[in-house]
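S.K.: The structure file upload_11.tsv (TSV, N, CA and C atoms) is provided below.
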```tsv
chain	number	residue	atom	x	y	z
A	74	SER	N	17.28	-9.96	-0.27
A	74	SER	CA	15.86	-9.89	0.06
A	74	SER	C	15.37	-8.45	-0.07
A	75	LEU	N	14.07	-8.31	-0.21
A	75	LEU	CA	13.48	-6.98	-0.31
A	75	LEU	C	13.74	-6.17	0.96
A	76	SER	N	13.62	-6.79	2.11
A	76	SER	CA	13.85	-6.09	3.37
A	76	SER	C	15.27	-5.52	3.44
A	77	GLU	N	16.22	-6.30	3.02
A	77	GLU	CA	17.61	-5.85	3.05
A	77	GLU	C	17.87	-4.75	2.02
A	78	ASN	N	17.34	-4.90	0.82
A	78	ASN	CA	17.59	-3.95	-0.25
A	78	ASN	C	16.82	-2.64	-0.11
A	79	LEU	N	15.69	-2.66	0.57
A	79	LEU	CA	14.86	-1.45	0.67
A	79	LEU	C	14.80	-0.88	2.08
A	80	LYS	N	15.67	-1.33	2.97
A	80	LYS	CA	15.58	-0.90	4.37
A	80	LYS	C	15.85	0.58	4.56
A	81	TYR	N	16.51	1.23	3.63
A	81	TYR	CA	16.79	2.66	3.76
A	81	TYR	C	15.82	3.53	2.96
A	82	LEU	N	14.88	2.92	2.30
A	82	LEU	CA	13.92	3.69	1.49
A	82	LEU	C	12.98	4.47	2.41
A	83	GLU	N	13.06	5.79	2.34
A	83	GLU	CA	12.22	6.65	3.17
A	83	GLU	C	11.28	7.51	2.35
A	84	GLU	N	11.60	7.71	1.08
A	84	GLU	CA	10.82	8.64	0.27
A	84	GLU	C	10.70	8.13	-1.16
A	85	ILE	N	9.49	8.30	-1.71
A	85	ILE	CA	9.25	8.00	-3.12
A	85	ILE	C	8.78	9.30	-3.77
A	86	ASP	N	9.45	9.69	-4.84
A	86	ASP	CA	9.11	10.93	-5.53
A	86	ASP	C	7.82	10.78	-6.34
A	87	GLY	N	7.61	9.61	-6.92
A	87	GLY	CA	6.46	9.39	-7.78
A	87	GLY	C	5.38	8.56	-7.11
A	88	TYR	N	5.26	7.29	-7.51
A	88	TYR	CA	4.18	6.43	-7.03
A	88	TYR	C	4.70	5.07	-6.60
A	89	LEU	N	3.83	4.34	-5.87
A	89	LEU	CA	4.11	2.97	-5.45
A	89	LEU	C	3.09	2.06	-6.13
A	90	LEU	N	3.59	1.08	-6.87
A	90	LEU	CA	2.74	0.15	-7.61
A	90	LEU	C	3.06	-1.28	-7.18
A	91	ILE	N	2.07	-1.95	-6.59
A	91	ILE	CA	2.19	-3.37	-6.24
A	91	ILE	C	1.07	-4.05	-7.03
A	92	LEU	N	1.41	-4.66	-8.15
A	92	LEU	CA	0.42	-5.12	-9.11
A	92	LEU	C	0.70	-6.55	-9.56
A	93	ARG	N	-0.32	-7.39	-9.45
A	93	ARG	CA	-0.27	-8.78	-9.95
A	93	ARG	C	0.93	-9.58	-9.46
A	94	ASN	N	1.22	-9.46	-8.17
A	94	ASN	CA	2.31	-10.23	-7.61
A	94	ASN	C	1.75	-11.51	-7.00
A	95	ARG	N	2.31	-12.63	-7.35
A	95	ARG	CA	1.82	-13.93	-6.86
A	95	ARG	C	2.56	-14.44	-5.64
A	96	TYR	N	3.57	-13.71	-5.19
A	96	TYR	CA	4.43	-14.23	-4.13
A	96	TYR	C	4.42	-13.40	-2.84
A	97	LEU	N	4.27	-12.10	-2.94
A	97	LEU	CA	4.34	-11.25	-1.76
A	97	LEU	C	3.22	-11.54	-0.77
A	98	LYS	N	3.59	-11.73	0.49
A	98	LYS	CA	2.60	-11.90	1.55
A	98	LYS	C	2.53	-10.66	2.42
A	99	SER	N	3.57	-9.85	2.38
A	99	SER	CA	3.65	-8.67	3.23
A	99	SER	C	4.41	-7.56	2.50
A	100	LEU	N	4.08	-6.33	2.85
A	100	LEU	CA	4.83	-5.17	2.35
A	100	LEU	C	5.68	-4.57	3.46
A	101	GLU	N	5.97	-5.37	4.47
A	101	GLU	CA	6.74	-4.89	5.62
A	101	GLU	C	8.12	-4.38	5.22
A	102	PHE	N	8.62	-4.77	4.05
A	102	PHE	CA	9.90	-4.26	3.57
A	102	PHE	C	9.86	-2.75	3.33
A	103	LEU	N	8.67	-2.14	3.35
A	103	LEU	CA	8.53	-0.69	3.19
A	103	LEU	C	8.41	0.03	4.54
A	104	LYS	N	8.78	-0.63	5.61
A	104	LYS	CA	8.55	-0.13	6.97
A	104	LYS	C	9.19	1.23	7.27
A	105	ASN	N	10.21	1.62	6.53
A	105	ASN	CA	10.85	2.91	6.78
A	105	ASN	C	10.37	4.02	5.85
A	106	LEU	N	9.42	3.70	5.00
A	106	LEU	CA	8.87	4.69	4.06
A	106	LEU	C	8.10	5.75	4.83
A	107	LYS	N	8.44	7.02	4.61
A	107	LYS	CA	7.82	8.12	5.34
A	107	LYS	C	6.96	9.02	4.46
A	108	ILE	N	7.29	9.10	3.17
A	108	ILE	CA	6.58	10.04	2.30
A	108	ILE	C	6.51	9.53	0.87
A	109	ILE	N	5.35	9.69	0.26
A	109	ILE	CA	5.19	9.46	-1.18
A	109	ILE	C	4.68	10.78	-1.75
A	110	ARG	N	5.48	11.39	-2.57
A	110	ARG	CA	5.18	12.73	-3.06
A	110	ARG	C	4.13	12.77	-4.17
A	111	GLY	N	4.11	11.77	-5.03
A	111	GLY	CA	3.16	11.79	-6.13
A	111	GLY	C	3.47	12.84	-7.18
A	112	ASN	N	4.74	13.18	-7.36
A	112	ASN	CA	5.10	14.17	-8.37
A	112	ASN	C	4.81	13.69	-9.78
A	113	TYR	N	4.81	12.40	-9.97
A	113	TYR	CA	4.26	11.79	-11.18
A	113	TYR	C	3.49	10.58	-10.72
A	114	LEU	N	2.39	10.28	-11.42
A	114	LEU	CA	1.42	9.29	-10.96
A	114	LEU	C	1.31	8.14	-11.96
A	115	TYR	N	0.96	6.98	-11.45
A	115	TYR	CA	0.70	5.83	-12.31
A	115	TYR	C	-0.65	6.05	-13.00
A	116	ASP	N	-0.68	5.88	-14.30
A	116	ASP	CA	-1.89	6.07	-15.10
A	116	ASP	C	-2.48	7.47	-14.87
A	117	GLU	N	-1.60	8.42	-14.56
A	117	GLU	CA	-1.94	9.83	-14.36
A	117	GLU	C	-2.90	10.08	-13.20
A	118	LYS	N	-3.08	9.08	-12.28
A	118	LYS	CA	-3.96	9.35	-11.14
A	118	LYS	C	-3.57	8.66	-9.85
A	119	PHE	N	-2.80	7.56	-9.88
A	119	PHE	CA	-2.55	6.78	-8.68
A	119	PHE	C	-1.19	7.08	-8.04
A	120	THR	N	-1.22	7.35	-6.73
A	120	THR	CA	0.00	7.48	-5.94
A	120	THR	C	0.37	6.12	-5.37
A	121	ILE	N	-0.63	5.39	-4.91
A	121	ILE	CA	-0.45	4.01	-4.45
A	121	ILE	C	-1.52	3.17	-5.12
A	122	LEU	N	-1.09	2.11	-5.80
A	122	LEU	CA	-2.02	1.16	-6.39
A	122	LEU	C	-1.58	-0.24	-5.96
A	123	VAL	N	-2.43	-0.89	-5.17
A	123	VAL	CA	-2.18	-2.25	-4.71
A	123	VAL	C	-3.33	-3.08	-5.27
A	124	HIS	N	-3.05	-3.84	-6.33
A	124	HIS	CA	-4.13	-4.47	-7.10
A	124	HIS	C	-3.72	-5.87	-7.55
A	125	THR	N	-4.63	-6.82	-7.37
A	125	THR	CA	-4.49	-8.19	-7.86
A	125	THR	C	-3.23	-8.88	-7.33
A	126	ASN	N	-3.13	-8.92	-6.02
A	126	ASN	CA	-2.01	-9.59	-5.35
A	126	ASN	C	-2.60	-10.76	-4.55
A	127	ASN	N	-2.48	-11.95	-5.09
A	127	ASN	CA	-3.21	-13.10	-4.57
A	127	ASN	C	-2.83	-13.54	-3.17
A	128	LYS	N	-1.59	-13.32	-2.74
A	128	LYS	CA	-1.16	-13.80	-1.42
A	128	LYS	C	-0.91	-12.68	-0.41
A	129	LEU	N	-1.08	-11.45	-0.81
A	129	LEU	CA	-0.80	-10.33	0.08
A	129	LEU	C	-1.75	-10.34	1.27
A	130	ARG	N	-1.17	-10.38	2.48
A	130	ARG	CA	-1.95	-10.45	3.72
A	130	ARG	C	-1.78	-9.23	4.61
A	131	GLU	N	-0.65	-8.54	4.46
A	131	GLU	CA	-0.44	-7.37	5.31
A	131	GLU	C	0.34	-6.29	4.59
A	132	LEU	N	0.08	-5.07	5.02
A	132	LEU	CA	0.80	-3.92	4.49
A	132	LEU	C	2.02	-3.72	5.40
A	133	TRP	N	2.46	-2.52	5.61
A	133	TRP	CA	3.53	-2.31	6.57
A	133	TRP	C	2.97	-1.48	7.70
A	134	LYS	N	3.62	-1.60	8.85
A	134	LYS	CA	3.11	-0.98	10.07
A	134	LYS	C	3.35	0.53	10.06
A	135	ILE	N	2.25	1.26	10.10
A	135	ILE	CA	2.33	2.69	10.35
A	135	ILE	C	1.42	2.94	11.54
A	136	ASN	N	1.75	3.96	12.32
A	136	ASN	CA	0.96	4.26	13.51
A	136	ASN	C	1.07	5.74	13.83
A	137	GLU	N	0.61	6.13	14.99
A	137	GLU	CA	0.59	7.54	15.37
A	137	GLU	C	1.98	8.16	15.34
A	138	GLU	N	3.00	7.42	15.76
A	138	GLU	CA	4.37	7.94	15.77
A	138	GLU	C	5.05	7.81	14.40
A	139	LYS	N	4.57	6.91	13.58
A	139	LYS	CA	5.24	6.58	12.32
A	139	LYS	C	4.24	6.65	11.17
A	140	LYS	N	3.76	7.86	10.89
A	140	LYS	CA	2.76	8.05	9.84
A	140	LYS	C	3.43	8.07	8.46
A	141	LEU	N	2.60	7.83	7.45
A	141	LEU	CA	3.04	7.91	6.07
A	141	LEU	C	2.38	9.13	5.44
A	142	ALA	N	3.17	10.04	4.92
A	142	ALA	CA	2.64	11.22	4.24
A	142	ALA	C	2.44	10.90	2.76
A	143	ILE	N	1.24	11.14	2.28
A	143	ILE	CA	0.90	10.96	0.87
A	143	ILE	C	0.44	12.33	0.37
A	144	LEU	N	1.22	12.94	-0.51
A	144	LEU	CA	0.99	14.34	-0.83
A	144	LEU	C	-0.09	14.59	-1.87
A	145	LYS	N	-0.25	13.68	-2.83
A	145	LYS	CA	-1.34	13.88	-3.80
A	145	LYS	C	-1.62	12.58	-4.54
A	146	GLY	N	-2.71	12.57	-5.25
A	146	GLY	CA	-3.08	11.40	-6.04
A	146	GLY	C	-4.09	10.51	-5.35
A	147	LEU	N	-4.39	9.41	-5.99
A	147	LEU	CA	-5.39	8.45	-5.52
A	147	LEU	C	-4.69	7.21	-4.98
A	148	VAL	N	-5.19	6.70	-3.87
A	148	VAL	CA	-4.70	5.47	-3.27
A	148	VAL	C	-5.78	4.42	-3.48
A	149	LYS	N	-5.43	3.31	-4.13
A	149	LYS	CA	-6.43	2.29	-4.45
A	149	LYS	C	-5.96	0.91	-4.02
A	150	PHE	N	-6.88	0.19	-3.36
A	150	PHE	CA	-6.67	-1.22	-3.01
A	150	PHE	C	-7.83	-2.00	-3.61
A	151	ALA	N	-7.53	-2.98	-4.47
A	151	ALA	CA	-8.58	-3.78	-5.09
A	151	ALA	C	-8.04	-5.15	-5.49
A	152	GLU	N	-8.91	-6.15	-5.43
A	152	GLU	CA	-8.59	-7.51	-5.88
A	152	GLU	C	-7.40	-8.14	-5.16
A	153	ASN	N	-7.36	-7.94	-3.85
A	153	ASN	CA	-6.35	-8.55	-2.99
A	153	ASN	C	-7.08	-9.49	-2.05
A	154	PRO	N	-7.33	-10.72	-2.46
A	154	PRO	CA	-8.24	-11.61	-1.75
A	154	PRO	C	-7.85	-11.97	-0.32
A	155	ASP	N	-6.56	-11.92	0.03
A	155	ASP	CA	-6.13	-12.25	1.40
A	155	ASP	C	-5.86	-11.02	2.27
A	156	LEU	N	-6.02	-9.84	1.70
A	156	LEU	CA	-5.74	-8.61	2.44
A	156	LEU	C	-7.01	-8.14	3.16
A	157	CYS	N	-7.01	-8.36	4.46
A	157	CYS	CA	-8.17	-8.02	5.30
A	157	CYS	C	-8.49	-6.52	5.19
A	158	TYR	N	-9.78	-6.23	5.11
A	158	TYR	CA	-10.22	-4.84	5.00
A	158	TYR	C	-9.75	-4.02	6.20
A	159	GLN	N	-9.71	-4.61	7.38
A	159	GLN	CA	-9.26	-3.90	8.58
A	159	GLN	C	-7.79	-3.47	8.46
A	160	GLU	N	-6.99	-4.27	7.80
A	160	GLU	CA	-5.58	-3.92	7.56
A	160	GLU	C	-5.50	-2.64	6.73
A	161	ILE	N	-6.36	-2.53	5.73
A	161	ILE	CA	-6.41	-1.33	4.88
A	161	ILE	C	-6.92	-0.14	5.68
A	162	GLU	N	-7.95	-0.35	6.50
A	162	GLU	CA	-8.50	0.73	7.33
A	162	GLU	C	-7.44	1.29	8.27
A	163	ASN	N	-6.67	0.42	8.90
A	163	ASN	CA	-5.59	0.87	9.79
A	163	ASN	C	-4.56	1.70	9.03
A	164	PHE	N	-4.25	1.25	7.83
A	164	PHE	CA	-3.29	1.95	6.98
A	164	PHE	C	-3.80	3.36	6.66
A	165	ILE	N	-5.07	3.46	6.29
A	165	ILE	CA	-5.67	4.75	5.95
A	165	ILE	C	-5.69	5.67	7.16
A	166	GLN	N	-6.05	5.12	8.30
A	166	GLN	CA	-6.16	5.91	9.53
A	166	GLN	C	-4.86	6.63	9.88
A	167	PHE	N	-3.73	5.97	9.63
A	167	PHE	CA	-2.45	6.57	10.00
A	167	PHE	C	-1.67	7.12	8.81
A	168	SER	N	-2.35	7.32	7.70
A	168	SER	CA	-1.73	8.00	6.57
A	168	SER	C	-2.03	9.49	6.72
A	169	ASN	N	-1.01	10.27	6.61
A	169	ASN	CA	-1.14	11.71	6.73
A	169	ASN	C	-1.25	12.27	5.30
A	170	THR	N	-2.46	12.52	4.86
A	170	THR	CA	-2.66	12.91	3.47
A	170	THR	C	-2.93	14.40	3.34
A	171	SER	N	-2.41	14.98	2.28
A	171	SER	CA	-2.69	16.39	1.98
A	171	SER	C	-3.88	16.45	1.04
A	172	THR	N	-3.66	16.03	-0.20
A	172	THR	CA	-4.74	16.08	-1.18
A	172	THR	C	-5.04	14.71	-1.76
A	173	ALA	N	-4.48	13.66	-1.17
A	173	ALA	CA	-4.73	12.31	-1.67
A	173	ALA	C	-6.14	11.87	-1.30
A	174	SER	N	-6.69	10.97	-2.10
A	174	SER	CA	-7.99	10.38	-1.77
A	174	SER	C	-7.86	8.87	-1.91
A	175	PHE	N	-8.84	8.16	-1.35
A	175	PHE	CA	-8.77	6.71	-1.29
A	175	PHE	C	-9.91	6.07	-2.05
A	176	GLU	N	-9.60	4.96	-2.72
A	176	GLU	CA	-10.61	4.14	-3.39
A	176	GLU	C	-10.36	2.70	-2.95
A	177	ILE	N	-11.23	2.22	-2.08
A	177	ILE	CA	-11.05	0.90	-1.49
A	177	ILE	C	-12.27	0.05	-1.81
A	178	SER	N	-12.05	-1.11	-2.37
A	178	SER	CA	-13.14	-2.02	-2.70
A	178	SER	C	-13.33	-3.01	-1.55
A	179	PHE	N	-14.40	-2.83	-0.79
A	179	PHE	CA	-14.67	-3.73	0.33
A	179	PHE	C	-14.91	-5.16	-0.16
A	180	ASN	N	-15.60	-5.31	-1.28
A	180	ASN	CA	-15.96	-6.64	-1.79
A	180	ASN	C	-14.80	-7.39	-2.41
A	181	SER	N	-13.77	-6.72	-2.87
A	181	SER	CA	-12.69	-7.43	-3.57
A	181	SER	C	-11.41	-7.54	-2.76
A	182	ASN	N	-11.42	-7.08	-1.53
A	182	ASN	CA	-10.25	-7.23	-0.65
A	182	ASN	C	-10.65	-8.10	0.54
A	183	GLY	N	-9.83	-9.10	0.82
A	183	GLY	CA	-10.02	-9.91	1.99
A	183	GLY	C	-11.12	-10.96	1.92
A	184	TYR	N	-11.71	-11.15	0.77
A	184	TYR	CA	-12.83	-12.10	0.68
A	184	TYR	C	-12.41	-13.54	0.91
A	185	LYS	N	-11.18	-13.91	0.59
A	185	LYS	CA	-10.72	-15.29	0.85
A	185	LYS	C	-10.51	-15.54	2.32
A	186	ARG	N	-10.25	-14.50	3.10
A	186	ARG	CA	-10.02	-14.66	4.53
A	186	ARG	C	-11.33	-14.85	5.28
A	187	LEU	N	-12.44	-14.54	4.63
A	187	LEU	CA	-13.74	-14.67	5.28
A	187	LEU	C	-14.27	-16.10	5.20
A	188	THR	N	-13.72	-16.89	4.30
A	188	THR	CA	-14.23	-18.25	4.12
A	188	THR	C	-13.46	-19.26	4.94
```
Taking this structure as input, can you express it in the form of structure tokens?
M.R.:
Amino acid sequence: SLSENLKYLEEIDGYLLILRNRYLKSLEFLKNLKIIRGNYLYDEKFTILVHTNNKLRELWKINEEKKLAILKGLVKFAENPDLCYQEIENFIQFSNTSTASFEISFNSNGYKRLT
């Protein structure tokens, strides 16, 4: 399982890409991730890109004691119909960013959960 295989993952040198996955409901398997450096970026701009994931409902838990450091690049969430906007807001609130910026589409995230 992803949880078993990635339980020791604490650092990503480049970027995190969750794109067009039809099965993932949660990214909780990344719960021990502490830092994404962004030393190389997806499409030369993204450190985190979570896009077009039809069943994704939750990210992973970060909080005041367990922040995620994002050192550079753009963080984008778009076209995730089951991912509640509040889930993304909580994630952003507890991300410790240096020079990263966020691009969040309110209209294309979580719209299926509103109906």
S.K.: What is the atom CA of A:Gly183 to atom N of A:Ile108 distance in Å?
M.R.: 25.7 Å
S.K.: Given the choices A:Ile121, A:Lys104, A:Ile161, A:Leu129, which gets closest to A:Ser76 if the distance is worked out from only N, CA and C atoms?
M.R.: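 Among the listed residues, the smallest separation from A:Ser76 belongs to A:Lys104.
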S.K.: Of the residues A:Asn94, A:Asn112, A:Ser168, A:Asn136, which is the one nearest to A:His124, using only C-alpha atoms?
M.R.: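 Looking only at the distances to A:His124, the closest residue turns out to be A:Asn94.
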S.K.: Taking only C-alpha atoms into account, name the residue in A:Lys140, A:Lys149, A:Lys134, A:Lys185 that is nearest to A:Phe102.
M.R.: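 Looking only at the distances to A:Phe102, the closest residue turns out to be A:Lys134.
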S.K.: Kindly compute an axis-aligned box around the listed atoms of stretch 144-158 of chain A, allowing 3 Å on each side, and express its centre and edge lengths in Å to one decimal as JSON.
M.R.:
```
{"center_x": -4.5, "center_y": 1.2, "center_z": 0.1, "size_x": 17.4, "size_y": 32.8, "size_z": 18.2}
```
S.K.: Would you please extract all alpha helix (DSSP H) residues from chain A, as assigned by DSSP on the backbone, and give them as a ChimeraX atom specification?
M.R.: /A:75-78,158-166
S.K.: When you look at A:Leu132 with a cut-off of 8 Å (counting all atoms listed in the file), what residues show up, excluding the ones that are within fewer than 3 positions of it in the same chain? I need them as a list in words.
M.R.: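 Close residues of A:Leu132: Lys98, Ser99, Leu100, Glu101, Phe102, Leu103, Lys104, Leu129, Ile135, Leu156, Cys157, Glu160, Ile161 and Phe164 of chain A.
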S.K.: Looking only at the backbone, which of the residues in stretch 103-183 of chain A does DSSP tag as strand (DSSP E or B), as a PDB file with N, CA and C atoms, keeping the file's coordinate frame?
M.R.:
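Full text of states-v5.pdb as output:
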```pdb
ATOM      1  N   ILE A 108       7.290   9.100   3.170  1.00  0.00           N
ATOM      2  CA  ILE A 108       6.580  10.040   2.300  1.00  0.00           C
ATOM      3  C   ILE A 108       6.510   9.530   0.870  1.00  0.00           C
ATOM      4  N   ILE A 109       5.350   9.690   0.260  1.00  0.00           N
ATOM      5  CA  ILE A 109       5.190   9.460  -1.180  1.00  0.00           C
ATOM      6  C   ILE A 109       4.680  10.780  -1.750  1.00  0.00           C
ATOM      7  N   TYR A 115       0.960   6.980 -11.450  1.00  0.00           N
ATOM      8  CA  TYR A 115       0.700   5.830 -12.310  1.00  0.00           C
ATOM      9  C   TYR A 115      -0.650   6.050 -13.000  1.00  0.00           C
ATOM     10  N   PHE A 119      -2.800   7.560  -9.880  1.00  0.00           N
ATOM     11  CA  PHE A 119      -2.550   6.780  -8.680  1.00  0.00           C
ATOM     12  C   PHE A 119      -1.190   7.080  -8.040  1.00  0.00           C
ATOM     13  N   THR A 120      -1.220   7.350  -6.730  1.00  0.00           N
ATOM     14  CA  THR A 120       0.000   7.480  -5.940  1.00  0.00           C
ATOM     15  C   THR A 120       0.370   6.120  -5.370  1.00  0.00           C
ATOM     16  N   ILE A 121      -0.630   5.390  -4.910  1.00  0.00           N
ATOM     17  CA  ILE A 121      -0.450   4.010  -4.450  1.00  0.00           C
ATOM     18  C   ILE A 121      -1.520   3.170  -5.120  1.00  0.00           C
ATOM     19  N   LEU A 122      -1.090   2.110  -5.800  1.00  0.00           N
ATOM     20  CA  LEU A 122      -2.020   1.160  -6.390  1.00  0.00           C
ATOM     21  C   LEU A 122      -1.580  -0.240  -5.960  1.00  0.00           C
ATOM     22  N   VAL A 123      -2.430  -0.890  -5.170  1.00  0.00           N
ATOM     23  CA  VAL A 123      -2.180  -2.250  -4.710  1.00  0.00           C
ATOM     24  C   VAL A 123      -3.330  -3.080  -5.270  1.00  0.00           C
ATOM     25  N   HIS A 124      -3.050  -3.840  -6.330  1.00  0.00           N
ATOM     26  CA  HIS A 124      -4.130  -4.470  -7.100  1.00  0.00           C
ATOM     27  C   HIS A 124      -3.720  -5.870  -7.550  1.00  0.00           C
ATOM     28  N   GLU A 131      -0.650  -8.540   4.460  1.00  0.00           N
ATOM     29  CA  GLU A 131      -0.440  -7.370   5.310  1.00  0.00           C
ATOM     30  C   GLU A 131       0.340  -6.290   4.590  1.00  0.00           C
ATOM     31  N   LEU A 141       2.600   7.830   7.450  1.00  0.00           N
ATOM     32  CA  LEU A 141       3.040   7.910   6.070  1.00  0.00           C
ATOM     33  C   LEU A 141       2.380   9.130   5.440  1.00  0.00           C
ATOM     34  N   ALA A 142       3.170  10.040   4.920  1.00  0.00           N
ATOM     35  CA  ALA A 142       2.640  11.220   4.240  1.00  0.00           C
ATOM     36  C   ALA A 142       2.440  10.900   2.760  1.00  0.00           C
ATOM     37  N   ILE A 143       1.240  11.140   2.280  1.00  0.00           N
ATOM     38  CA  ILE A 143       0.900  10.960   0.870  1.00  0.00           C
ATOM     39  C   ILE A 143       0.440  12.330   0.370  1.00  0.00           C
ATOM     40  N   LEU A 147      -4.390   9.410  -5.990  1.00  0.00           N
ATOM     41  CA  LEU A 147      -5.390   8.450  -5.520  1.00  0.00           C
ATOM     42  C   LEU A 147      -4.690   7.210  -4.980  1.00  0.00           C
ATOM     43  N   VAL A 148      -5.190   6.700  -3.870  1.00  0.00           N
ATOM     44  CA  VAL A 148      -4.700   5.470  -3.270  1.00  0.00           C
ATOM     45  C   VAL A 148      -5.780   4.420  -3.480  1.00  0.00           C
ATOM     46  N   LYS A 149      -5.430   3.310  -4.130  1.00  0.00           N
ATOM     47  CA  LYS A 149      -6.430   2.290  -4.450  1.00  0.00           C
ATOM     48  C   LYS A 149      -5.960   0.910  -4.020  1.00  0.00           C
ATOM     49  N   PHE A 150      -6.880   0.190  -3.360  1.00  0.00           N
ATOM     50  CA  PHE A 150      -6.670  -1.220  -3.010  1.00  0.00           C
ATOM     51  C   PHE A 150      -7.830  -2.000  -3.610  1.00  0.00           C
ATOM     52  N   ALA A 151      -7.530  -2.980  -4.470  1.00  0.00           N
ATOM     53  CA  ALA A 151      -8.580  -3.780  -5.090  1.00  0.00           C
ATOM     54  C   ALA A 151      -8.040  -5.150  -5.490  1.00  0.00           C
ATOM     55  N   ASN A 153      -7.360  -7.940  -3.850  1.00  0.00           N
ATOM     56  CA  ASN A 153      -6.350  -8.550  -2.990  1.00  0.00           C
ATOM     57  C   ASN A 153      -7.080  -9.490  -2.050  1.00  0.00           C
ATOM     58  N   SER A 168      -2.350   7.320   7.700  1.00  0.00           N
ATOM     59  CA  SER A 168      -1.730   8.000   6.570  1.00  0.00           C
ATOM     60  C   SER A 168      -2.030   9.490   6.720  1.00  0.00           C
ATOM     61  N   ASN A 169      -1.010  10.270   6.610  1.00  0.00           N
ATOM     62  CA  ASN A 169      -1.140  11.710   6.730  1.00  0.00           C
ATOM     63  C   ASN A 169      -1.250  12.270   5.300  1.00  0.00           C
ATOM     64  N   THR A 170      -2.460  12.520   4.860  1.00  0.00           N
ATOM     65  CA  THR A 170      -2.660  12.910   3.470  1.00  0.00           C
ATOM     66  C   THR A 170      -2.930  14.400   3.340  1.00  0.00           C
ATOM     67  N   SER A 174      -6.690  10.970  -2.100  1.00  0.00           N
ATOM     68  CA  SER A 174      -7.990  10.380  -1.770  1.00  0.00           C
ATOM     69  C   SER A 174      -7.860   8.870  -1.910  1.00  0.00           C
ATOM     70  N   PHE A 175      -8.840   8.160  -1.350  1.00  0.00           N
ATOM     71  CA  PHE A 175      -8.770   6.710  -1.290  1.00  0.00           C
ATOM     72  C   PHE A 175      -9.910   6.070  -2.050  1.00  0.00           C
ATOM     73  N   GLU A 176      -9.600   4.960  -2.720  1.00  0.00           N
ATOM     74  CA  GLU A 176     -10.610   4.140  -3.390  1.00  0.00           C
ATOM     75  C   GLU A 176     -10.360   2.700  -2.950  1.00  0.00           C
ATOM     76  N   ILE A 177     -11.230   2.220  -2.080  1.00  0.00           N
ATOM     77  CA  ILE A 177     -11.050   0.900  -1.490  1.00  0.00           C
ATOM     78  C   ILE A 177     -12.270   0.050  -1.810  1.00  0.00           C
ATOM     79  N   ASN A 182     -11.420  -7.080  -1.530  1.00  0.00           N
ATOM     80  CA  ASN A 182     -10.250  -7.230  -0.650  1.00  0.00           C
ATOM     81  C   ASN A 182     -10.650  -8.100   0.540  1.00  0.00           C
TER      82      ASN A 182
END
```
S.K.: Compile the contact shell of A:Leu90 as a list in words: residues with an atom at most 9 Å away, counting only C-alpha atoms, same-chain residues fewer than 2 positions apart removed.
M.R.: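 Listing them by chain and then by number gives Tyr88, Leu92, Tyr115, Phe119, Thr120, Ile121, Leu122, Val123 and His124 of chain A.
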